[in-house]
Amino acid sequence: MLEANEITVAIIHSSIEVGNRARNIAKIERIIERLSRSIGIDLIVIPQMINGVLLYNYPITTKRIRRVAEGIPGRTTQEMGAIANKYGKNLLVGPILERRGAKLYRSAFLVIPILGIKGVIRQLEPFGGSNIEMPLLNMDKFRVGILIAEDILYPEISLLLNLMSIDVLIFYPTLDMNLNKQRQFVIMRAIESRCTGVMIGGTITRRGEALIDIPTIAVDENGDVIEELIGVEDKVLLVKASVKTDRGFITHHRKNVLVKLRKLLLFYFTK
């Protein structure tokens with residue numbers, strides 16, 4: 001039984017097929033349906049690229065890529081919102097390729113029952129367009145920090161999330177960097193942020209052929225691995241995370257540090 005200051009996050013480890021959004025969403029819905037029978041799950045985390053559109057290893061200026069990118073809100077958010085309503089679960093959907101005007105972003109989003117989109121987290125590292133929004137989701141009971149791809153490399157972002165007293169750190173790895181290196185970074189960031197950290201994995205396939213296998217790894221605030229999932233089979237990792245019961249006040253000094261960090265982000269991530 002969970003303690004009053006704990007939450008449960010369900011991490012879906014699955015395969016995502018490039019170019020087959022219908023299959024991806026139908027399969028993820030079946031997993032969410034099974035999870036909906038369990039009580040006490042505060043958040044379900046879904047792998048990246050659920051709409052089947054690649055996020056990595058291509059020139060972002062091509063007309064085709066801009067054509068397959070979508071808006072938020074858009075088709076994927078509507079479909080996932082309907083699933084959230086149907087099963088009464090909060091869903092954190094991994095990054096999809098988002099188009100905002102002439103710019104492209106790798107963007108994750110949170111949908112909750114009835115209310116729909118509650119937050120959008122866009123990668124801070126320059127991709128198609130620069131962004132300096134806070135990579136934080138403030139849930140009713142807990143706070144979730146989100147790191148997308150190369151954002152894991154920046155200690156400034158980690159310090160910012162630490163100052164905001166996050167309870168869970170979710171990291172979506174890039175396919176353009178060594179996975180073992182990214183594994184070490186998520187351990188480091190979990191220690192720095194003093195919280196449970198999770199690297200979201202799964203298998204990326206195309207026409208039934210596996211392109212890359214990414215482990216799903218959960219680590220505690222000491223950097224010790226809680227559990228690791230690998231392979232192409234659909235699995236769910238249930239992670240119990242402690243919630244900081246006393247966040248304290250944001251002191252004048254702490255506010256000054258936050259302001260300076262935001263200025264650093266402006267320097268790093270804007271053109």
# chains A, B, ... in the order shown; residues from 1 in each chain; ligands from 1
call {"tool": "residues_around", "arguments": {"residues": "stretch 29-36 of chain A", "least_positions_apart": "5", "cutoff": "12 Å", "atoms": "only C-alpha atoms", "output": "ChimeraX atom specification"}}
result
/A:8-14,22-24,41-46,50,79-92,233-238
call {"tool": "residues_around", "arguments": {"residues": "A:Ala69", "least_positions_apart": "2", "cutoff": "7 Å", "atoms": "only C-alpha atoms", "output": "MDAnalysis selection string"}}
result
chainID A and resid 65:67 97:99
call {"tool": "closest_atom_pairs", "arguments": {"of": "stretch 72-115 of chain A", "to": "stretch 173-195 of chain A", "cutoff": "12 Å", "atoms": "only C-alpha atoms", "output": "Markdown table"}}
result
| residue | atom | partner | partner_atom | distance |
| --- | --- | --- | --- | --- |
| A:Gly94 | CA | A:Pro173 | CA | 10.4 |
| A:Pro95 | CA | A:Pro173 | CA | 10.2 |
| A:Arg106 | CA | A:Thr174 | CA | 10.5 |
call {"tool": "write_last_selection", "arguments": {"atoms": "C-alpha atoms", "output": "PDB file, in the first residue's frame"}}
result
ATOM      1  CA  GLY A  94       6.234  11.477 -25.436  1.00  0.00           C
ATOM      2  CA  PRO A  95       7.580  13.966 -27.951  1.00  0.00           C
ATOM      3  CA  ARG A 106      10.155  18.087 -30.369  1.00  0.00           C
TER       4      ARG A 106
END
call {"tool": "closest_residue", "arguments": {"among": "A:Val232, A:Lys118, A:Gly40, A:Val219", "to": "A:Thr205", "atoms": "only C-alpha atoms"}}
result
A:Val232
call {"tool": "select_by_dssp", "arguments": {"residues": "stretch 84-248 of chain A", "states": "alpha helix (DSSP H)", "output": "mmCIF file with N, CA and C atoms, in the first residue's frame"}}
result
data_model
loop_
_atom_site.group_PDB
_atom_site.id
_atom_site.type_symbol
_atom_site.label_atom_id
_atom_site.label_comp_id
_atom_site.auth_asym_id
_atom_site.auth_seq_id
_atom_site.Cartn_x
_atom_site.Cartn_y
_atom_site.Cartn_z
ATOM 1 N N ALA A 84 -7.726 9.480 -22.762
ATOM 2 C CA ALA A 84 -7.679 9.909 -21.358
ATOM 3 C C ALA A 84 -9.089 9.994 -20.770
ATOM 4 N N ASN A 85 -10.040 10.529 -21.528
ATOM 5 C CA ASN A 85 -11.426 10.630 -21.063
ATOM 6 C C ASN A 85 -12.055 9.254 -20.899
ATOM 7 N N LYS A 86 -11.781 8.374 -21.855
ATOM 8 C CA LYS A 86 -12.411 7.053 -21.868
ATOM 9 C C LYS A 86 -12.008 6.223 -20.660
ATOM 10 N N TYR A 87 -10.727 6.326 -20.267
ATOM 11 C CA TYR A 87 -10.223 5.461 -19.194
ATOM 12 C C TYR A 87 -9.928 6.223 -17.901
ATOM 13 N N PRO A 155 23.536 21.174 -17.300
ATOM 14 C CA PRO A 155 23.352 21.208 -15.846
ATOM 15 C C PRO A 155 22.499 22.389 -15.399
ATOM 16 N N GLU A 156 22.440 23.454 -16.206
ATOM 17 C CA GLU A 156 21.606 24.608 -15.843
ATOM 18 C C GLU A 156 20.131 24.211 -15.761
ATOM 19 N N ILE A 157 19.696 23.356 -16.699
ATOM 20 C CA ILE A 157 18.303 22.910 -16.688
ATOM 21 C C ILE A 157 18.056 22.025 -15.470
ATOM 22 N N SER A 158 19.009 21.149 -15.168
ATOM 23 C CA SER A 158 18.883 20.281 -14.010
ATOM 24 C C SER A 158 18.805 21.088 -12.719
ATOM 25 N N LEU A 159 19.631 22.121 -12.601
ATOM 26 C CA LEU A 159 19.610 22.966 -11.407
ATOM 27 C C LEU A 159 18.277 23.699 -11.291
ATOM 28 N N LEU A 160 17.761 24.159 -12.425
ATOM 29 C CA LEU A 160 16.464 24.830 -12.436
ATOM 30 C C LEU A 160 15.372 23.900 -11.907
ATOM 31 N N LEU A 161 15.365 22.657 -12.372
ATOM 32 C CA LEU A 161 14.367 21.696 -11.923
ATOM 33 C C LEU A 161 14.557 21.346 -10.446
ATOM 34 N N ASN A 162 15.800 21.290 -10.004
ATOM 35 C CA ASN A 162 16.074 21.033 -8.592
ATOM 36 C C ASN A 162 15.501 22.150 -7.726
ATOM 37 N N LEU A 163 15.701 23.380 -8.149
ATOM 38 C CA LEU A 163 15.177 24.522 -7.392
ATOM 39 C C LEU A 163 13.649 24.532 -7.366
ATOM 40 N N LEU A 179 23.566 5.612 -26.324
ATOM 41 C CA LEU A 179 22.578 5.366 -25.283
ATOM 42 C C LEU A 179 23.219 5.129 -23.918
ATOM 43 N N ASN A 180 24.394 4.521 -23.879
ATOM 44 C CA ASN A 180 25.076 4.326 -22.598
ATOM 45 C C ASN A 180 25.461 5.658 -21.962
ATOM 46 N N LYS A 181 25.873 6.598 -22.806
ATOM 47 C CA LYS A 181 26.202 7.931 -22.293
ATOM 48 C C LYS A 181 24.950 8.607 -21.732
ATOM 49 N N GLN A 182 23.842 8.459 -22.447
ATOM 50 C CA GLN A 182 22.596 9.063 -21.972
ATOM 51 C C GLN A 182 22.121 8.407 -20.676
ATOM 52 N N ARG A 183 22.358 7.120 -20.553
ATOM 53 C CA ARG A 183 22.025 6.404 -19.322
ATOM 54 C C ARG A 183 22.766 7.021 -18.133
ATOM 55 N N GLN A 184 24.047 7.313 -18.300
ATOM 56 C CA GLN A 184 24.826 7.917 -17.223
ATOM 57 C C GLN A 184 24.341 9.321 -16.903
ATOM 58 N N PHE A 185 23.919 10.041 -17.926
ATOM 59 C CA PHE A 185 23.421 11.399 -17.696
ATOM 60 C C PHE A 185 22.128 11.391 -16.884
ATOM 61 N N VAL A 186 21.209 10.452 -17.172
ATOM 62 C CA VAL A 186 19.953 10.437 -16.422
ATOM 63 C C VAL A 186 20.215 10.067 -14.965
ATOM 64 N N ILE A 187 21.190 9.207 -14.708
ATOM 65 C CA ILE A 187 21.577 8.894 -13.327
ATOM 66 C C ILE A 187 22.106 10.152 -12.634
ATOM 67 N N MET A 188 22.970 10.876 -13.339
ATOM 68 C CA MET A 188 23.539 12.104 -12.791
ATOM 69 C C MET A 188 22.456 13.134 -12.480
ATOM 70 N N ARG A 189 21.522 13.321 -13.419
ATOM 71 C CA ARG A 189 20.470 14.328 -13.225
ATOM 72 C C ARG A 189 19.510 13.938 -12.100
ATOM 73 N N ALA A 190 19.251 12.651 -11.934
ATOM 74 C CA ALA A 190 18.388 12.213 -10.836
ATOM 75 C C ALA A 190 19.039 12.533 -9.488
ATOM 76 N N ILE A 191 20.355 12.309 -9.404
ATOM 77 C CA ILE A 191 21.087 12.633 -8.171
ATOM 78 C C ILE A 191 21.049 14.139 -7.926
ATOM 79 N N GLU A 192 21.297 14.927 -8.967
ATOM 80 C CA GLU A 192 21.305 16.384 -8.824
ATOM 81 C C GLU A 192 19.945 16.922 -8.408
ATOM 82 N N SER A 193 18.869 16.333 -8.971
ATOM 83 C CA SER A 193 17.519 16.821 -8.687
ATOM 84 C C SER A 193 16.908 16.177 -7.463
#
call {"tool": "closest_residue", "arguments": {"among": "A:Ile217, A:Lys27, A:Ile7, A:Val198", "to": "A:Asp140", "atoms": "only C-alpha atoms"}}
result
A:Ile7
call {"tool": "residues_around", "arguments": {"residues": "A:Gln48", "least_positions_apart": "5", "cutoff": "9 Å", "atoms": "only C-alpha atoms", "output": "PyMOL selection string"}}
result
chain A and resi 16+55+93-96+108+172+200-202
call {"tool": "write_last_selection", "arguments": {"atoms": "C-alpha atoms", "output": "compact mmCIF listing (two decimals), in the first residue's frame"}}
result
# COMPACT_ATOMS: atom_id res chain seq x y z
CA ILE A 16 6.60 2.20 -32.08
CA LEU A 55 12.12 12.91 -34.63
CA VAL A 93 2.63 11.61 -24.26
CA GLY A 94 6.23 11.48 -25.44
CA PRO A 95 7.58 13.97 -27.95
CA ILE A 96 6.05 14.27 -31.39
CA ALA A 108 5.72 16.23 -25.21
CA TYR A 172 13.20 11.01 -23.55
CA ILE A 200 11.82 6.22 -21.49
CA GLY A 201 12.69 3.42 -23.88
CA GLY A 202 11.12 0.99 -26.31
call {"tool": "atom_distance", "arguments": {"atom1": "atom CA of A:Ser15", "atom2": "atom CA of A:Phe171"}}
result
17.3 Å
call {"tool": "atom_distance", "arguments": {"atom1": "atom CA of A:Leu229", "atom2": "atom CA of A:Val243"}}
result
24.0 Å
call {"tool": "select_by_dssp", "arguments": {"residues": "stretch 183-247 of chain A", "states": "strand (DSSP E or B)", "output": "PDB file with N, CA and C atoms, in the first residue's frame"}}
result
ATOM      1  N   THR A 196      13.371  10.595  -8.235  1.00  0.00           N
ATOM      2  CA  THR A 196      13.351   9.419  -9.093  1.00  0.00           C
ATOM      3  C   THR A 196      13.487   9.857 -10.548  1.00  0.00           C
ATOM      4  N   GLY A 197      14.376   9.201 -11.288  1.00  0.00           N
ATOM      5  CA  GLY A 197      14.573   9.522 -12.695  1.00  0.00           C
ATOM      6  C   GLY A 197      14.252   8.330 -13.577  1.00  0.00           C
ATOM      7  N   VAL A 198      13.641   8.596 -14.737  1.00  0.00           N
ATOM      8  CA  VAL A 198      13.274   7.520 -15.658  1.00  0.00           C
ATOM      9  C   VAL A 198      13.683   7.897 -17.075  1.00  0.00           C
ATOM     10  N   MET A 199      14.429   6.999 -17.735  1.00  0.00           N
ATOM     11  CA  MET A 199      14.699   7.136 -19.165  1.00  0.00           C
ATOM     12  C   MET A 199      13.684   6.281 -19.903  1.00  0.00           C
ATOM     13  N   GLY A 202      12.008   1.702 -25.402  1.00  0.00           N
ATOM     14  CA  GLY A 202      11.123   0.989 -26.310  1.00  0.00           C
ATOM     15  C   GLY A 202      11.899   0.615 -27.565  1.00  0.00           C
ATOM     16  N   THR A 203      11.193   0.111 -28.557  1.00  0.00           N
ATOM     17  CA  THR A 203      11.809  -0.285 -29.816  1.00  0.00           C
ATOM     18  C   THR A 203      11.187   0.502 -30.957  1.00  0.00           C
ATOM     19  N   ILE A 204      12.034   1.082 -31.791  1.00  0.00           N
ATOM     20  CA  ILE A 204      11.569   1.780 -32.989  1.00  0.00           C
ATOM     21  C   ILE A 204      11.661   0.800 -34.152  1.00  0.00           C
ATOM     22  N   THR A 205      10.540   0.587 -34.858  1.00  0.00           N
ATOM     23  CA  THR A 205      10.516  -0.361 -35.962  1.00  0.00           C
ATOM     24  C   THR A 205      10.048   0.329 -37.247  1.00  0.00           C
ATOM     25  N   ARG A 206      10.388  -0.300 -38.364  1.00  0.00           N
ATOM     26  CA  ARG A 206       9.871   0.133 -39.660  1.00  0.00           C
ATOM     27  C   ARG A 206       9.580  -1.121 -40.495  1.00  0.00           C
ATOM     28  N   GLU A 209      10.684  -4.370 -39.001  1.00  0.00           N
ATOM     29  CA  GLU A 209      12.102  -4.544 -38.689  1.00  0.00           C
ATOM     30  C   GLU A 209      12.526  -3.567 -37.599  1.00  0.00           C
ATOM     31  N   ALA A 210      13.191  -4.089 -36.568  1.00  0.00           N
ATOM     32  CA  ALA A 210      13.651  -3.243 -35.466  1.00  0.00           C
ATOM     33  C   ALA A 210      14.816  -2.371 -35.912  1.00  0.00           C
ATOM     34  N   LEU A 211      14.680  -1.053 -35.727  1.00  0.00           N
ATOM     35  CA  LEU A 211      15.749  -0.124 -36.068  1.00  0.00           C
ATOM     36  C   LEU A 211      16.666   0.125 -34.876  1.00  0.00           C
ATOM     37  N   ILE A 212      16.083   0.237 -33.691  1.00  0.00           N
ATOM     38  CA  ILE A 212      16.881   0.484 -32.494  1.00  0.00           C
ATOM     39  C   ILE A 212      16.084   0.083 -31.262  1.00  0.00           C
ATOM     40  N   ASP A 213      16.774  -0.527 -30.300  1.00  0.00           N
ATOM     41  CA  ASP A 213      16.183  -0.888 -29.009  1.00  0.00           C
ATOM     42  C   ASP A 213      16.722   0.053 -27.944  1.00  0.00           C
ATOM     43  N   ILE A 214      15.809   0.658 -27.195  1.00  0.00           N
ATOM     44  CA  ILE A 214      16.181   1.608 -26.149  1.00  0.00           C
ATOM     45  C   ILE A 214      15.699   1.053 -24.810  1.00  0.00           C
ATOM     46  N   THR A 216      14.328   0.983 -21.028  1.00  0.00           N
ATOM     47  CA  THR A 216      13.609   1.839 -20.081  1.00  0.00           C
ATOM     48  C   THR A 216      14.251   1.621 -18.719  1.00  0.00           C
ATOM     49  N   ILE A 217      14.737   2.697 -18.113  1.00  0.00           N
ATOM     50  CA  ILE A 217      15.507   2.589 -16.879  1.00  0.00           C
ATOM     51  C   ILE A 217      14.934   3.547 -15.824  1.00  0.00           C
ATOM     52  N   ALA A 218      14.696   3.023 -14.635  1.00  0.00           N
ATOM     53  CA  ALA A 218      14.282   3.857 -13.503  1.00  0.00           C
ATOM     54  C   ALA A 218      15.378   3.833 -12.457  1.00  0.00           C
ATOM     55  N   VAL A 219      15.762   5.022 -11.959  1.00  0.00           N
ATOM     56  CA  VAL A 219      16.799   5.121 -10.931  1.00  0.00           C
ATOM     57  C   VAL A 219      16.276   5.962  -9.777  1.00  0.00           C
ATOM     58  N   VAL A 225      19.921   1.873  -9.811  1.00  0.00           N
ATOM     59  CA  VAL A 225      18.886   1.410 -10.740  1.00  0.00           C
ATOM     60  C   VAL A 225      17.798   0.659  -9.974  1.00  0.00           C
ATOM     61  N   ILE A 226      16.562   1.119 -10.134  1.00  0.00           N
ATOM     62  CA  ILE A 226      15.412   0.457  -9.509  1.00  0.00           C
ATOM     63  C   ILE A 226      14.989  -0.740 -10.351  1.00  0.00           C
ATOM     64  N   GLU A 227      14.864  -0.512 -11.651  1.00  0.00           N
ATOM     65  CA  GLU A 227      14.477  -1.580 -12.571  1.00  0.00           C
ATOM     66  C   GLU A 227      14.819  -1.151 -13.985  1.00  0.00           C
ATOM     67  N   GLU A 228      15.045  -2.143 -14.849  1.00  0.00           N
ATOM     68  CA  GLU A 228      15.370  -1.874 -16.247  1.00  0.00           C
ATOM     69  C   GLU A 228      14.606  -2.842 -17.135  1.00  0.00           C
ATOM     70  N   LEU A 229      13.981  -2.314 -18.192  1.00  0.00           N
ATOM     71  CA  LEU A 229      13.243  -3.126 -19.152  1.00  0.00           C
ATOM     72  C   LEU A 229      13.927  -3.049 -20.510  1.00  0.00           C
ATOM     73  N   LYS A 235       5.623  -3.989 -22.208  1.00  0.00           N
ATOM     74  CA  LYS A 235       5.740  -4.135 -20.761  1.00  0.00           C
ATOM     75  C   LYS A 235       5.362  -2.815 -20.098  1.00  0.00           C
ATOM     76  N   VAL A 236       5.080  -2.892 -18.811  1.00  0.00           N
ATOM     77  CA  VAL A 236       4.787  -1.694 -18.026  1.00  0.00           C
ATOM     78  C   VAL A 236       5.641  -1.706 -16.778  1.00  0.00           C
ATOM     79  N   LEU A 237       6.331  -0.600 -16.537  1.00  0.00           N
ATOM     80  CA  LEU A 237       7.132  -0.436 -15.329  1.00  0.00           C
ATOM     81  C   LEU A 237       6.384   0.492 -14.383  1.00  0.00           C
ATOM     82  N   LEU A 238       6.022  -0.025 -13.216  1.00  0.00           N
ATOM     83  CA  LEU A 238       5.350   0.791 -12.204  1.00  0.00           C
ATOM     84  C   LEU A 238       6.397   1.359 -11.258  1.00  0.00           C
ATOM     85  N   VAL A 239       6.507   2.670 -11.250  1.00  0.00           N
ATOM     86  CA  VAL A 239       7.510   3.349 -10.447  1.00  0.00           C
ATOM     87  C   VAL A 239       6.821   4.089  -9.311  1.00  0.00           C
ATOM     88  N   LYS A 240       7.214   3.794  -8.082  1.00  0.00           N
ATOM     89  CA  LYS A 240       6.713   4.521  -6.917  1.00  0.00           C
ATOM     90  C   LYS A 240       7.734   5.591  -6.553  1.00  0.00           C
ATOM     91  N   ALA A 241       7.274   6.826  -6.462  1.00  0.00           N
ATOM     92  CA  ALA A 241       8.163   7.949  -6.194  1.00  0.00           C
ATOM     93  C   ALA A 241       7.705   8.704  -4.957  1.00  0.00           C
ATOM     94  N   SER A 242       8.669   9.114  -4.154  1.00  0.00           N
ATOM     95  CA  SER A 242       8.361   9.920  -2.978  1.00  0.00           C
ATOM     96  C   SER A 242       8.052  11.350  -3.391  1.00  0.00           C
TER      97      SER A 242
END
call {"tool": "atom_distance", "arguments": {"atom1": "atom CA of A:Leu54", "atom2": "atom CA of A:Val120"}}
result
18.8 Å
call {"tool": "closest_residue", "arguments": {"among": "A:Ile114, A:Lys244, A:Ala102, A:Arg207", "to": "A:Gly52", "atoms": "only C-alpha atoms"}}
result
A:Arg207
call {"tool": "residues_around", "arguments": {"residues": "A:Gly19", "least_positions_apart": "2", "cutoff": "7 Å", "atoms": "only C-alpha atoms", "output": "JSON, numbers by chain"}}
result
{"A": [17, 21, 52, 53]}
